[in-house]
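K.L.:
File run35.txt below, compact mmCIF, C-alpha atoms:
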# COMPACT_ATOMS: atom_id res chain seq x y z
CA MET F 1 -19.62 7.40 19.63
CA PRO F 2 -17.79 4.63 17.76
CA ILE F 3 -14.08 4.33 18.50
CA VAL F 4 -11.26 3.39 16.13
CA ASP F 5 -7.84 2.31 17.39
CA PHE F 6 -5.12 4.21 15.53
CA TRP F 7 -1.98 2.06 15.71
CA PHE F 8 1.07 4.12 14.86
CA GLU F 9 4.85 3.79 14.94
CA PHE F 10 6.90 6.97 15.34
CA ALA F 11 9.49 5.72 12.83
CA SER F 12 6.83 5.29 10.12
CA THR F 13 6.50 7.97 7.46
CA TYR F 14 2.91 7.15 6.57
CA SER F 15 2.02 7.21 10.28
CA TYR F 16 3.12 10.85 10.20
CA VAL F 17 0.68 11.67 7.42
CA ALA F 18 -2.14 9.77 9.12
CA ALA F 19 -1.46 11.41 12.50
CA MET F 20 -1.70 14.86 10.97
CA ARG F 21 -5.09 14.30 9.37
CA ILE F 22 -6.89 11.70 11.49
CA GLU F 23 -8.48 14.15 13.91
CA ARG F 24 -10.33 16.16 11.29
CA GLU F 25 -11.39 13.10 9.29
CA ALA F 26 -12.66 11.40 12.45
CA ALA F 27 -14.48 14.50 13.66
CA ALA F 28 -16.19 14.86 10.27
CA ARG F 29 -17.67 11.37 10.76
CA GLY F 30 -18.41 11.53 14.48
CA VAL F 31 -15.84 8.84 15.26
CA GLY F 32 -13.54 8.86 18.28
CA ILE F 33 -9.88 7.86 18.00
CA ARG F 34 -7.77 5.95 20.50
CA TRP F 35 -4.10 6.57 19.74
CA ARG F 36 -2.10 3.35 20.13
CA PRO F 37 1.69 3.65 19.92
CA PHE F 38 3.58 0.43 19.25
CA LEU F 39 6.89 -0.79 17.82
CA LEU F 40 7.08 -2.26 14.36
CA GLY F 41 10.62 -3.54 14.88
CA PRO F 42 9.69 -6.77 16.68
CA ILE F 43 6.97 -7.45 14.09
CA PHE F 44 9.42 -6.88 11.23
CA VAL F 45 11.96 -9.16 12.93
CA ALA F 46 9.29 -11.85 13.19
CA GLN F 47 8.84 -11.48 9.40
CA GLY F 48 12.58 -11.97 8.91
CA TRP F 49 13.42 -8.31 8.32
CA ASN F 50 16.27 -6.57 10.12
CA SER F 51 15.35 -3.09 8.89
CA SER F 52 12.51 -1.21 7.24
CA PRO F 53 11.32 -2.74 3.95
CA PHE F 54 11.99 0.72 2.51
CA ASN F 55 15.69 0.13 3.18
CA LEU F 56 15.71 -3.57 2.32
CA TYR F 57 14.07 -2.92 -1.06
CA PRO F 58 15.66 0.21 -2.55
CA ALA F 59 13.15 0.66 -5.40
CA LYS F 60 10.37 0.64 -2.83
CA GLY F 61 12.25 3.06 -0.59
CA LYS F 62 12.95 5.52 -3.38
CA TYR F 63 9.29 5.39 -4.36
CA MET F 64 8.10 5.91 -0.77
CA TRP F 65 10.00 9.18 -0.36
CA ARG F 66 8.66 10.50 -3.67
CA ASP F 67 5.14 9.40 -2.72
CA MET F 68 5.52 11.12 0.66
CA ALA F 69 6.62 14.32 -1.09
CA ARG F 70 3.46 14.26 -3.20
CA LEU F 71 1.17 13.46 -0.27
CA CYS F 72 2.71 16.12 1.97
CA ARG F 73 2.47 18.72 -0.80
CA ASP F 74 -1.22 17.97 -1.22
CA LEU F 75 -1.80 18.24 2.53
CA ASP F 76 0.44 21.30 2.99
CA LEU F 77 2.61 19.33 5.42
CA PRO F 78 6.34 19.98 5.65
CA LEU F 79 8.60 17.02 4.85
CA LYS F 80 12.25 16.68 5.70
CA LYS F 81 14.10 13.36 5.98
CA PRO F 82 15.54 12.71 9.42
CA PRO F 83 19.28 11.97 9.53
CA GLU F 84 18.69 8.22 9.81
CA PHE F 85 15.81 6.13 8.62
CA PRO F 86 14.13 4.44 10.29
CA GLN F 87 14.58 6.37 13.48
CA ASN F 88 14.95 4.62 16.83
CA SER F 89 11.51 5.32 18.29
CA LEU F 90 11.78 3.39 21.56
CA ILE F 91 11.94 6.30 24.01
CA ALA F 92 9.35 8.33 22.10
CA ALA F 93 6.96 5.37 22.15
CA ARG F 94 7.45 4.84 25.89
CA LEU F 95 6.86 8.54 26.53
CA ALA F 96 3.68 8.33 24.46
CA LEU F 97 2.41 5.53 26.70
CA ILE F 98 3.09 7.65 29.77
CA GLY F 99 1.20 10.40 27.96
CA ALA F 100 -1.71 8.01 27.41
CA MET F 101 -1.96 7.53 31.18
CA GLU F 102 -1.56 11.22 31.95
CA GLY F 103 -3.66 12.76 29.17
CA TRP F 104 -1.07 14.37 26.89
CA LEU F 105 -0.50 11.60 24.35
CA VAL F 106 -2.09 13.26 21.31
CA PRO F 107 -0.31 16.64 21.33
CA PHE F 108 2.94 14.86 22.21
CA ALA F 109 2.61 12.36 19.35
CA LYS F 110 1.82 15.05 16.79
CA ALA F 111 4.76 17.15 17.98
CA VAL F 112 7.13 14.16 17.74
CA PHE F 113 6.02 13.46 14.18
CA ALA F 114 6.39 17.14 13.25
CA THR F 115 9.89 17.26 14.75
CA GLU F 116 10.95 14.06 13.02
CA PHE F 117 9.47 14.37 9.54
CA GLY F 118 8.59 18.06 9.32
CA GLU F 119 11.92 19.33 10.69
CA GLY F 120 14.05 16.25 9.99
CA ARG F 121 15.36 15.93 13.55
CA ASP F 122 16.56 12.77 15.28
CA ILE F 123 13.85 11.70 17.74
CA SER F 124 16.09 9.21 19.49
CA ARG F 125 17.92 12.19 21.04
CA PRO F 126 16.77 13.58 24.40
CA ASP F 127 17.46 17.10 23.11
CA SER F 128 14.84 16.54 20.39
CA LEU F 129 12.22 15.20 22.80
CA ALA F 130 12.83 17.49 25.78
CA PRO F 131 11.61 20.70 24.09
CA ILE F 132 8.39 18.93 23.12
CA LEU F 133 7.75 17.90 26.71
CA THR F 134 8.60 21.40 27.95
CA SER F 135 6.22 22.96 25.44
CA LEU F 136 3.45 20.78 26.90
CA GLY F 137 4.20 22.08 30.41
CA LEU F 138 5.84 18.81 31.47
CA ASP F 139 9.14 18.04 33.17
CA PRO F 140 11.51 16.57 30.56
CA HIS F 141 14.12 15.29 32.99
CA SER F 142 11.83 13.15 35.11
CA LEU F 143 9.85 11.89 32.11
CA LEU F 144 12.94 10.93 30.09
CA THR F 145 14.33 9.13 33.13
CA ARG F 146 11.06 7.30 33.59
CA ALA F 147 10.97 6.35 29.89
CA ARG F 148 14.43 4.84 30.19
CA THR F 149 13.96 2.98 33.45
CA ASP F 150 10.34 2.40 34.48
CA GLU F 151 9.63 -1.33 34.18
CA GLY F 152 5.89 -0.74 34.12
CA VAL F 153 6.21 1.53 31.09
CA LYS F 154 8.55 -0.89 29.33
CA SER F 155 6.21 -3.82 29.79
CA ARG F 156 3.24 -1.72 28.72
CA LEU F 157 4.94 -1.03 25.37
CA ARG F 158 5.82 -4.70 24.96
CA ALA F 159 2.19 -5.61 25.68
CA SER F 160 0.93 -3.06 23.14
CA THR F 161 3.23 -4.42 20.47
CA GLU F 162 2.10 -7.98 21.23
CA GLU F 163 -1.52 -6.86 21.07
CA ALA F 164 -0.89 -5.24 17.68
CA GLN F 165 0.60 -8.45 16.39
CA SER F 166 -2.24 -10.51 17.84
CA VAL F 167 -4.90 -8.50 15.99
CA GLY F 168 -3.06 -9.13 12.71
CA ILE F 169 -1.11 -5.89 12.35
CA PHE F 170 1.96 -6.15 10.11
CA GLY F 171 2.61 -2.48 9.26
CA ALA F 172 1.82 1.08 10.29
CA PRO F 173 -0.36 2.97 10.41
CA SER F 174 -3.18 0.52 11.00
CA PHE F 175 -6.75 1.14 12.09
CA VAL F 176 -8.93 -1.32 14.00
CA THR F 177 -12.64 -0.87 14.57
CA GLU F 178 -14.59 -2.08 17.61
CA ASP F 179 -15.77 -5.10 15.61
CA ASN F 180 -12.10 -5.99 14.93
CA GLU F 181 -11.99 -4.94 11.29
CA LEU F 182 -8.37 -4.17 10.34
CA PHE F 183 -7.36 -1.50 7.86
CA TRP F 184 -3.73 -0.95 6.90
CA GLY F 185 -2.14 2.22 5.65
CA ASN F 186 -2.78 5.93 5.52
CA ASP F 187 -4.77 5.23 2.33
CA ARG F 188 -7.31 3.25 4.32
CA LEU F 189 -8.05 5.91 6.95
CA GLU F 190 -11.29 7.08 5.37
CA MET F 191 -12.47 3.52 4.78
CA ALA F 192 -11.82 2.58 8.41
CA LEU F 193 -13.69 5.62 9.71
CA ASP F 194 -16.61 5.00 7.34
CA TRP F 195 -16.73 1.39 8.50
CA ALA F 196 -16.79 2.47 12.16
CA SER F 197 -19.50 5.05 11.60
CA GLY F 198 -21.62 2.57 9.65
CA ALA F 199 -21.58 4.70 6.49
CA GLY F 200 -22.16 2.61 3.42
CA THR F 201 -21.63 -0.66 5.23
CA ARG F 202 -22.99 -3.67 3.41
CA PRO F 203 -22.38 -7.30 4.22
CA ILE F 204 -19.31 -8.81 2.59
CA MET Y 1 -4.61 13.64 -24.82
CA PRO Y 2 -2.17 12.71 -22.03
CA ILE Y 3 -1.32 9.02 -21.79
CA VAL Y 4 -0.68 6.95 -18.69
CA ASP Y 5 1.05 3.58 -18.85
CA PHE Y 6 -0.91 1.03 -16.83
CA TRP Y 7 1.55 -1.69 -15.80
CA PHE Y 8 -0.30 -4.79 -14.69
CA GLU Y 9 0.46 -8.41 -13.79
CA PHE Y 10 -2.28 -10.97 -14.35
CA ALA Y 11 -1.40 -12.75 -11.09
CA SER Y 12 -1.94 -9.56 -9.06
CA THR Y 13 -5.20 -9.14 -7.18
CA TYR Y 14 -5.01 -5.35 -7.01
CA SER Y 15 -4.27 -5.27 -10.76
CA TYR Y 16 -7.70 -6.91 -11.19
CA VAL Y 17 -9.42 -4.11 -9.30
CA ALA Y 18 -7.50 -1.43 -11.19
CA ALA Y 19 -8.19 -3.05 -14.57
CA MET Y 20 -11.91 -3.06 -13.91
CA ARG Y 21 -12.13 0.63 -13.07
CA ILE Y 22 -9.32 2.35 -14.97
CA GLU Y 23 -11.27 2.99 -18.17
CA ARG Y 24 -14.04 4.99 -16.53
CA GLU Y 25 -11.68 6.93 -14.25
CA ALA Y 26 -9.42 7.78 -17.21
CA ALA Y 27 -12.34 8.79 -19.44
CA ALA Y 28 -13.67 11.07 -16.71
CA ARG Y 29 -10.36 12.96 -16.80
CA GLY Y 30 -9.69 12.89 -20.54
CA VAL Y 31 -6.64 10.67 -20.08
CA GLY Y 32 -5.67 7.82 -22.41
CA ILE Y 33 -4.38 4.50 -21.06
CA ARG Y 34 -1.71 2.26 -22.54
CA TRP Y 35 -2.07 -1.22 -21.06
CA ARG Y 36 1.36 -2.71 -20.30
CA PRO Y 37 1.43 -6.36 -19.24
CA PHE Y 38 4.59 -7.51 -17.48
CA LEU Y 39 5.78 -10.23 -15.09
CA LEU Y 40 6.38 -9.45 -11.44
CA GLY Y 41 8.15 -12.78 -10.84
CA PRO Y 42 11.60 -11.71 -12.08
CA ILE Y 43 11.33 -8.44 -10.14
CA PHE Y 44 10.36 -10.31 -6.96
CA VAL Y 45 13.26 -12.74 -7.49
CA ALA Y 46 15.62 -9.77 -7.81
CA GLN Y 47 14.31 -8.62 -4.40
CA GLY Y 48 15.08 -12.05 -2.93
CA TRP Y 49 11.48 -13.33 -2.94
CA ASN Y 50 10.58 -16.73 -4.33
CA SER Y 51 6.82 -16.16 -4.11
CA SER Y 52 4.29 -13.38 -3.61
CA PRO Y 53 4.83 -11.31 -0.46
CA PHE Y 54 1.23 -12.23 0.35
CA ASN Y 55 2.37 -15.83 0.72
CA LEU Y 56 5.74 -15.07 2.31
CA TYR Y 57 4.12 -12.89 4.99
CA PRO Y 58 0.92 -14.63 6.13
CA ALA Y 59 -0.49 -11.69 8.14
CA LYS Y 60 -0.15 -9.52 5.04
CA GLY Y 61 -1.73 -12.19 2.87
CA LYS Y 62 -4.70 -12.70 5.16
CA TYR Y 63 -5.23 -8.96 5.25
CA MET Y 64 -5.00 -8.64 1.46
CA TRP Y 65 -7.84 -11.08 0.85
CA ARG Y 66 -10.06 -9.31 3.37
CA ASP Y 67 -9.17 -5.93 1.86
CA MET Y 68 -9.96 -7.28 -1.61
CA ALA Y 69 -13.35 -8.49 -0.36
CA ARG Y 70 -14.16 -4.99 0.91
CA LEU Y 71 -12.93 -3.27 -2.27
CA CYS Y 72 -14.79 -5.66 -4.57
CA ARG Y 73 -17.98 -5.27 -2.54
CA ASP Y 74 -17.77 -1.49 -2.86
CA LEU Y 75 -17.20 -1.76 -6.63
CA ASP Y 76 -19.77 -4.52 -7.16
CA LEU Y 77 -17.06 -6.79 -8.53
CA PRO Y 78 -17.22 -10.55 -8.00
CA LEU Y 79 -14.30 -12.07 -6.08
CA LYS Y 80 -13.37 -15.73 -5.96
CA LYS Y 81 -9.90 -17.00 -5.08
CA PRO Y 82 -8.27 -19.00 -7.86
CA PRO Y 83 -7.14 -22.53 -6.91
CA GLU Y 84 -3.52 -21.41 -6.55
CA PHE Y 85 -2.11 -18.03 -5.67
CA PRO Y 86 -0.24 -16.48 -7.30
CA GLN Y 87 -1.30 -17.89 -10.64
CA ASN Y 88 1.24 -18.65 -13.34
CA SER Y 89 0.52 -15.75 -15.69
CA LEU Y 90 3.19 -16.38 -18.33
CA ILE Y 91 0.99 -17.53 -21.23
CA ALA Y 92 -1.71 -14.95 -20.46
CA ALA Y 93 0.91 -12.17 -20.46
CA ARG Y 94 2.38 -13.34 -23.78
CA LEU Y 95 -1.11 -13.50 -25.29
CA ALA Y 96 -1.77 -9.97 -24.05
CA LEU Y 97 1.33 -8.75 -25.89
CA ILE Y 98 0.10 -10.40 -29.08
CA GLY Y 99 -3.19 -8.64 -28.41
CA ALA Y 100 -1.34 -5.33 -28.07
CA MET Y 101 0.01 -5.78 -31.61
CA GLU Y 102 -3.32 -6.95 -32.99
CA GLY Y 103 -5.71 -4.60 -31.19
CA TRP Y 104 -7.53 -6.90 -28.75
CA LEU Y 105 -5.41 -6.45 -25.61
CA VAL Y 106 -7.90 -4.57 -23.47
CA PRO Y 107 -10.97 -6.83 -23.76
CA PHE Y 108 -8.67 -9.85 -23.44
CA ALA Y 109 -6.99 -8.55 -20.30
CA LYS Y 110 -10.29 -7.69 -18.62
CA ALA Y 111 -11.70 -11.12 -19.48
CA VAL Y 112 -8.61 -12.86 -18.07
CA PHE Y 113 -8.92 -10.95 -14.80
CA ALA Y 114 -12.66 -11.69 -14.61
CA THR Y 115 -12.01 -15.41 -15.24
CA GLU Y 116 -9.23 -15.55 -12.65
CA PHE Y 117 -10.53 -13.46 -9.77
CA GLY Y 118 -14.24 -13.15 -10.57
CA GLU Y 119 -14.77 -16.86 -11.33
CA GLY Y 120 -11.71 -18.26 -9.51
CA ARG Y 121 -10.43 -20.22 -12.52
CA ASP Y 122 -6.82 -21.23 -13.19
CA ILE Y 123 -5.51 -18.94 -15.95
CA SER Y 124 -2.42 -21.06 -16.54
CA ARG Y 125 -4.71 -23.63 -18.21
CA PRO Y 126 -5.37 -23.43 -21.95
CA ASP Y 127 -8.99 -24.41 -21.31
CA SER Y 128 -9.42 -21.22 -19.25
CA LEU Y 129 -7.83 -18.98 -21.88
CA ALA Y 130 -9.25 -20.56 -25.03
CA PRO Y 131 -12.90 -19.57 -24.39
CA ILE Y 132 -11.78 -15.97 -23.87
CA LEU Y 133 -9.99 -15.92 -27.23
CA THR Y 134 -12.96 -17.58 -28.92
CA SER Y 135 -15.35 -15.02 -27.44
CA LEU Y 136 -13.21 -12.29 -29.03
CA GLY Y 137 -13.53 -13.94 -32.45
CA LEU Y 138 -9.93 -15.21 -32.37
CA ASP Y 139 -8.41 -18.63 -33.04
CA PRO Y 140 -7.35 -20.13 -29.69
CA HIS Y 141 -5.26 -22.96 -31.10
CA SER Y 142 -2.93 -20.82 -33.20
CA LEU Y 143 -2.66 -18.09 -30.57
CA LEU Y 144 -1.88 -20.49 -27.72
CA THR Y 145 0.76 -22.18 -29.89
CA ARG Y 146 2.25 -18.82 -30.72
CA ALA Y 147 2.27 -17.79 -27.04
CA ARG Y 148 4.18 -20.97 -26.19
CA THR Y 149 6.71 -20.88 -29.03
CA ASP Y 150 7.10 -17.49 -30.74
CA GLU Y 151 10.55 -16.17 -29.83
CA GLY Y 152 9.55 -12.62 -30.80
CA VAL Y 153 6.66 -12.67 -28.31
CA LYS Y 154 8.83 -14.19 -25.59
CA SER Y 155 11.52 -11.54 -25.97
CA ARG Y 156 8.90 -8.79 -26.10
CA LEU Y 157 7.62 -9.87 -22.67
CA ARG Y 158 11.15 -10.02 -21.29
CA ALA Y 159 11.79 -6.53 -22.66
CA SER Y 160 8.58 -5.19 -21.08
CA THR Y 161 9.52 -6.65 -17.73
CA GLU Y 162 13.00 -5.14 -17.97
CA GLU Y 163 11.47 -1.79 -18.92
CA ALA Y 164 9.18 -1.97 -15.88
CA GLN Y 165 12.13 -2.61 -13.63
CA SER Y 166 14.16 0.18 -15.25
CA VAL Y 167 11.47 2.78 -14.56
CA GLY Y 168 11.50 1.78 -10.87
CA ILE Y 169 8.50 -0.55 -10.75
CA PHE Y 170 8.54 -3.00 -7.84
CA GLY Y 171 4.88 -4.04 -7.64
CA ALA Y 172 1.60 -4.07 -9.53
CA PRO Y 173 -0.43 -2.30 -10.58
CA SER Y 174 1.76 0.69 -11.29
CA PHE Y 175 1.03 3.80 -13.31
CA VAL Y 176 3.61 5.91 -15.12
CA THR Y 177 2.92 9.30 -16.66
CA GLU Y 178 4.61 10.74 -19.75
CA ASP Y 179 6.91 12.79 -17.51
CA ASN Y 180 7.98 9.54 -15.80
CA GLU Y 181 6.11 10.00 -12.55
CA LEU Y 182 5.55 6.61 -10.94
CA PHE Y 183 2.49 5.70 -8.88
CA TRP Y 184 2.12 2.30 -7.23
CA GLY Y 185 -1.06 0.50 -6.34
CA ASN Y 186 -4.74 0.55 -7.13
CA ASP Y 187 -5.05 3.24 -4.43
CA ARG Y 188 -2.94 5.62 -6.52
CA LEU Y 189 -4.96 5.35 -9.74
CA GLU Y 190 -6.81 8.63 -9.26
CA MET Y 191 -3.65 10.46 -8.24
CA ALA Y 192 -1.81 9.23 -11.34
CA LEU Y 193 -4.64 10.28 -13.65
CA ASP Y 194 -4.92 13.69 -11.97
CA TRP Y 195 -1.17 14.14 -12.34
CA ALA Y 196 -1.34 13.26 -16.07
CA SER Y 197 -4.28 15.57 -16.71
CA GLY Y 198 -2.58 18.41 -14.87
CA ALA Y 199 -5.39 18.68 -12.32
CA GLY Y 200 -4.16 20.22 -9.12
CA THR Y 201 -0.52 19.88 -10.04
CA ARG Y 202 1.80 22.07 -8.03
CA PRO Y 203 5.58 21.88 -7.89
CA ILE Y 204 6.99 19.51 -5.28
Would you mind giving the structure from this file in C-alpha cells?
P.N.:
Amino acid sequence: MPIVDFWFEFASTYSYVAAMRIEREAAARGVGIRWRPFLLGPIFVAQGWNSSPFNLYPAKGKYMWRDMARLCRDLDLPLKKPPEFPQNSLIAARLALIGAMEGWLVPFAKAVFATEFGEGRDISRPDSLAPILTSLGLDPHSLLTRARTDEGVKSRLRASTEEAQSVGIFGAPSFVTEDNELFWGNDRLEMALDWASGAGTRPI
Amino acid sequence: MPIVDFWFEFASTYSYVAAMRIEREAAARGVGIRWRPFLLGPIFVAQGWNSSPFNLYPAKGKYMWRDMARLCRDLDLPLKKPPEFPQNSLIAARLALIGAMEGWLVPFAKAVFATEFGEGRDISRPDSLAPILTSLGLDPHSLLTRARTDEGVKSRLRASTEEAQSVGIFGAPSFVTEDNELFWGNDRLEMALDWASGAGTRPI
C-alpha cells in the first residue's frame, strides 16, 4: 500500500479541513496515511513572518475565514473561531508525537482539531486538552507533564519541523508521497492521493 | 444568465491556467464571464511586497512551478517559463482594456497568456504583443501607441485595480459573483461558478 505523509499544524485552519476528510479519501484510493505533526512557526519566522499570513495580510485573513465557512458548510463540519488565532499549538503537537509512539495519534489529532475549530476552544490550555486525553483512556496529568518537560519529545518535534522544512514545506497542510512529490494545501489532497496511487500519472 | 467577474493579472501563472479553462467550465454551468484585467503590483506593494511572493519566498516559488507543471500536464497545456518572472504586464493590461471596449478582449487575453507561459516569451516587448494584435485583424502600431499614451486607458486600468482592491482582492485569479462573493485562485473556479449558478447553494 502506498503511503502519503500528511504534514499538519494544529493552528492551521485548512489542516482542520484536511484532517477531517483525509481518511475517507485515502481509503477510497487504497492509500495509507502517516500523520506528521509539525510547527509552522519556525518556518514562518525563517520567511520573515512573526505571525500567520492571515493576520499579517488582513484581506487574505478575511477571505480565509469566509472560504473556511463555505468549505465547512459543504463538508457538514462545524466551524467556530477560537479565541485567538493562530493558537499556540506547541503542547498539542508534542502530545501528538507521544501519540505517534503509543498508537493514539490519529484520534487525538482529530479531537484537537474538533475542539479548536469546531467548538472554538483554546487548545493551548490544559483544560482543553485533558478531556481529549481522558476520552481516549489516557492519563492527562502524566501526559501533559511529559509534553512540557520530556527532552526527547521536544527534540522529536524540532526534528520533525526541520524535516518538513528540508523537504520544501512552507505551509500546512502539505502532503508528500514516497517519491518525494510535494503537494500543498487542502485543495491538493486528492491530487496527492491520486499521485501516490498511480492514478492518471503521466510523465511531466 | 448569471455573470461572474474573472479578475486576472497577465503576470500570474495561475491566471493562465484559469483563463484557458474558464470558458468551458462556465458554459457547462450556463454562467457568463466578464473578463477583468487588473494589476497585482499595486496591491502587493500595499501589502509590503516589492515582488511576487513566489520570488520573495523561494520554497513557495519552487513549489509553484512544480505545481504548474502538474496542472498544465493534466490540462494538456504547454508550459514554458518566461525569461523574467513576474513579467511586466502593464502594456498588455492596458491593451486588454481597450479590447474590452472594442470587443476583442477575450481572444487577446488568451493569446497573451499562451505567448507568455505556453511559449515563454516576454510580454513586455512590443514584438511579442504586435503579432497577437495582427492575428486578430487589428493595427498593432496605433494600439501600442494608445496603450502607452492614452490617459483614458491609463486611468481605466488604475480604476480597475482600485475596484479589485475595494472588493477584497489580494491575489489572482479571483472570481466575484453578482452577490459579491469572492473566490480566490484557479482552484476555486468551479466553486465560484457553482455559487453563481445556484448549484448546491445552502445558507452559510
K.L.:
Considering only C-alpha atoms, return as a PDB file with C-alpha atoms, in the coordinates of the input whatever protein or nucleic-acid residues lie within 9 Å of Ala114 in chain F, sequence-local ones (same chain, fewer than 6 positions apart) excluded.
P.N.:
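Wrote it out as result27.pdb, contents follow:
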ATOM      1  CA  TYR F  16       3.120  10.850  10.200  1.00  0.00           C
ATOM      2  CA  MET F  20      -1.700  14.860  10.970  1.00  0.00           C
ATOM      3  CA  LEU F  77       2.610  19.330   5.420  1.00  0.00           C
ATOM      4  CA  PRO F  78       6.340  19.980   5.650  1.00  0.00           C
ATOM      5  CA  LEU F  79       8.600  17.020   4.850  1.00  0.00           C
ATOM      6  CA  GLY F 120      14.050  16.250   9.990  1.00  0.00           C
TER       7      GLY F 120
END
K.L.:
Kindly provide, as a PyMOL selection string, the residues of chain F having any atom no farther than 10 Å from an atom of chain Y, counting all atoms listed in the file.
P.N.:
chain F and resi 46-48+56-60+62-64+66-67+69-74+165-171+181-184+187-188+191+200-204
K.L.:
Could you please determine the separation between CA of Ile33 in chain Y and CA of Leu143 in chain Y in Å, to one decimal place?
P.N.:
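Rounded to one decimal, the two atoms are 24.6 Å apart.
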K.L.:
So which residues touch Pro2 in chain Y within 12 Å, counting only C-alpha atoms, skipping near sequence neighbours fewer than 4 positions away, as a VMD selection string?
P.N.:
chain Y and resid 26 to 27 29 to 34 176 to 179 192 to 199
K.L.:
Can you write out the residues you just picked, keeping C-alpha atoms, as an mmCIF file, in the coordinates of the input?
P.N.:
data_model
loop_
_atom_site.group_PDB
_atom_site.id
_atom_site.type_symbol
_atom_site.label_atom_id
_atom_site.label_comp_id
_atom_site.auth_asym_id
_atom_site.auth_seq_id
_atom_site.Cartn_x
_atom_site.Cartn_y
_atom_site.Cartn_z
ATOM 1 C CA ALA Y 26 -9.420 7.780 -17.210
ATOM 2 C CA ALA Y 27 -12.340 8.790 -19.440
ATOM 3 C CA ARG Y 29 -10.360 12.960 -16.800
ATOM 4 C CA GLY Y 30 -9.690 12.890 -20.540
ATOM 5 C CA VAL Y 31 -6.640 10.670 -20.080
ATOM 6 C CA GLY Y 32 -5.670 7.820 -22.410
ATOM 7 C CA ILE Y 33 -4.380 4.500 -21.060
ATOM 8 C CA ARG Y 34 -1.710 2.260 -22.540
ATOM 9 C CA VAL Y 176 3.610 5.910 -15.120
ATOM 10 C CA THR Y 177 2.920 9.300 -16.660
ATOM 11 C CA GLU Y 178 4.610 10.740 -19.750
ATOM 12 C CA ASP Y 179 6.910 12.790 -17.510
ATOM 13 C CA ALA Y 192 -1.810 9.230 -11.340
ATOM 14 C CA LEU Y 193 -4.640 10.280 -13.650
ATOM 15 C CA ASP Y 194 -4.920 13.690 -11.970
ATOM 16 C CA TRP Y 195 -1.170 14.140 -12.340
ATOM 17 C CA ALA Y 196 -1.340 13.260 -16.070
ATOM 18 C CA SER Y 197 -4.280 15.570 -16.710
ATOM 19 C CA GLY Y 198 -2.580 18.410 -14.870
ATOM 20 C CA ALA Y 199 -5.390 18.680 -12.320
#
K.L.:
Set the distance at 8 Å and use all atoms listed in the file: which residues neighbour Val112 in chain Y once local chain neighbours fewer than 4 positions away are removed? I'd like the list as a PyMOL selection string.
P.N.:
chain Y and resi 10+92+108+116+123+129+132
K.L.:
Keeping only C-alpha atoms, write those residues as a PDB file, in the coordinates of the input.
P.N.:
ATOM      1  CA  PHE Y  10      -2.280 -10.970 -14.350  1.00  0.00           C
ATOM      2  CA  ALA Y  92      -1.710 -14.950 -20.460  1.00  0.00           C
ATOM      3  CA  PHE Y 108      -8.670  -9.850 -23.440  1.00  0.00           C
ATOM      4  CA  GLU Y 116      -9.230 -15.550 -12.650  1.00  0.00           C
ATOM      5  CA  ILE Y 123      -5.510 -18.940 -15.950  1.00  0.00           C
ATOM      6  CA  LEU Y 129      -7.830 -18.980 -21.880  1.00  0.00           C
ATOM      7  CA  ILE Y 132     -11.780 -15.970 -23.870  1.00  0.00           C
TER       8      ILE Y 132
END
K.L.:
List the spatial neighbours of Leu40 in chain F as a PyMOL selection string - criterion: any atom at most 12 Å away, all atoms listed in the file, same-chain residues fewer than 3 positions off excluded.
P.N.:
chain F and resi 7-12+15+37+43-47+49-53+86-90+93+157-158+160-165+169-174
K.L.:
Mind pulling up the distance from CA of Trp65 in chain F to CA of Thr115 in chain F?
P.N.:
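About the pair CA of Thr115 in chain F and CA of Trp65 in chain F: they are 17.1 Å apart.
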K.L.:
Out of F:Gly118, F:Pro107, F:Pro83, F:Gly185, which residue has the shortest atom-to-atom distance to Ser135 in chain F when counting all atoms listed in the file?
P.N.:
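Going through F:Gly118, F:Pro107, F:Pro83, F:Gly185 one by one, the smallest distance to Ser135 in chain F is for F:Pro107.
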K.L.:
Find the distance between CA of Ser128 in chain F and CA of Phe85 in chain F and write it in Å to one decimal.
P.N.:
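Result for CA of Ser128 in chain F versus CA of Phe85 in chain F: 15.7 Å, one decimal.
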K.L.:
If you count all atoms listed in the file, which residues fall within 10 Å of Pro126 in chain Y, apart from same-chain ones fewer than 6 positions away, as a PyMOL selection string?
P.N.:
chain Y and resi 91-92+140-141+144
K.L.:
Go ahead and write the residues just picked, C-alpha atoms, as a JSON list (two decimals), in the coordinates of the input.
P.N.:
[["chain", "number", "residue", "atom", "x", "y", "z"],
["Y", 91, "ILE", "CA", 0.99, -17.53, -21.23],
["Y", 92, "ALA", "CA", -1.71, -14.95, -20.46],
["Y", 140, "PRO", "CA", -7.35, -20.13, -29.69],
["Y", 141, "HIS", "CA", -5.26, -22.96, -31.10],
["Y", 144, "LEU", "CA", -1.88, -20.49, -27.72]]
K.L.:
May I ask which of the residues F:Ala100, F:Pro82, F:Glu190, F:Phe175 is the closest one to Asp5 in chain F, counting all atoms listed in the file?
P.N.:
F:Phe175
K.L.:
How about completing range 174-179 of chain Y with N, CA and C atoms and giving it to me as a PDB file, keeping the file's coordinate frame?
P.N.:
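The file below, out.pdb, is the result:
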ATOM      1  N   SER Y 174       1.062  -0.585 -11.375  1.00  0.00           N
ATOM      2  CA  SER Y 174       1.760   0.690 -11.290  1.00  0.00           C
ATOM      3  C   SER Y 174       1.332   1.547 -12.476  1.00  0.00           C
ATOM      4  N   PHE Y 175       1.435   2.837 -12.289  1.00  0.00           N
ATOM      5  CA  PHE Y 175       1.030   3.800 -13.310  1.00  0.00           C
ATOM      6  C   PHE Y 175       2.186   4.753 -13.541  1.00  0.00           C
ATOM      7  N   VAL Y 176       2.500   5.018 -14.805  1.00  0.00           N
ATOM      8  CA  VAL Y 176       3.610   5.910 -15.120  1.00  0.00           C
ATOM      9  C   VAL Y 176       3.136   6.955 -16.127  1.00  0.00           C
ATOM     10  N   THR Y 177       3.344   8.211 -15.788  1.00  0.00           N
ATOM     11  CA  THR Y 177       2.920   9.300 -16.660  1.00  0.00           C
ATOM     12  C   THR Y 177       3.985   9.583 -17.716  1.00  0.00           C
ATOM     13  N   GLU Y 178       3.652  10.443 -18.682  1.00  0.00           N
ATOM     14  CA  GLU Y 178       4.610  10.740 -19.750  1.00  0.00           C
ATOM     15  C   GLU Y 178       5.831  11.475 -19.227  1.00  0.00           C
ATOM     16  N   ASP Y 179       5.727  12.167 -18.110  1.00  0.00           N
ATOM     17  CA  ASP Y 179       6.910  12.790 -17.510  1.00  0.00           C
ATOM     18  C   ASP Y 179       7.546  11.888 -16.450  1.00  0.00           C
TER      19      ASP Y 179
END
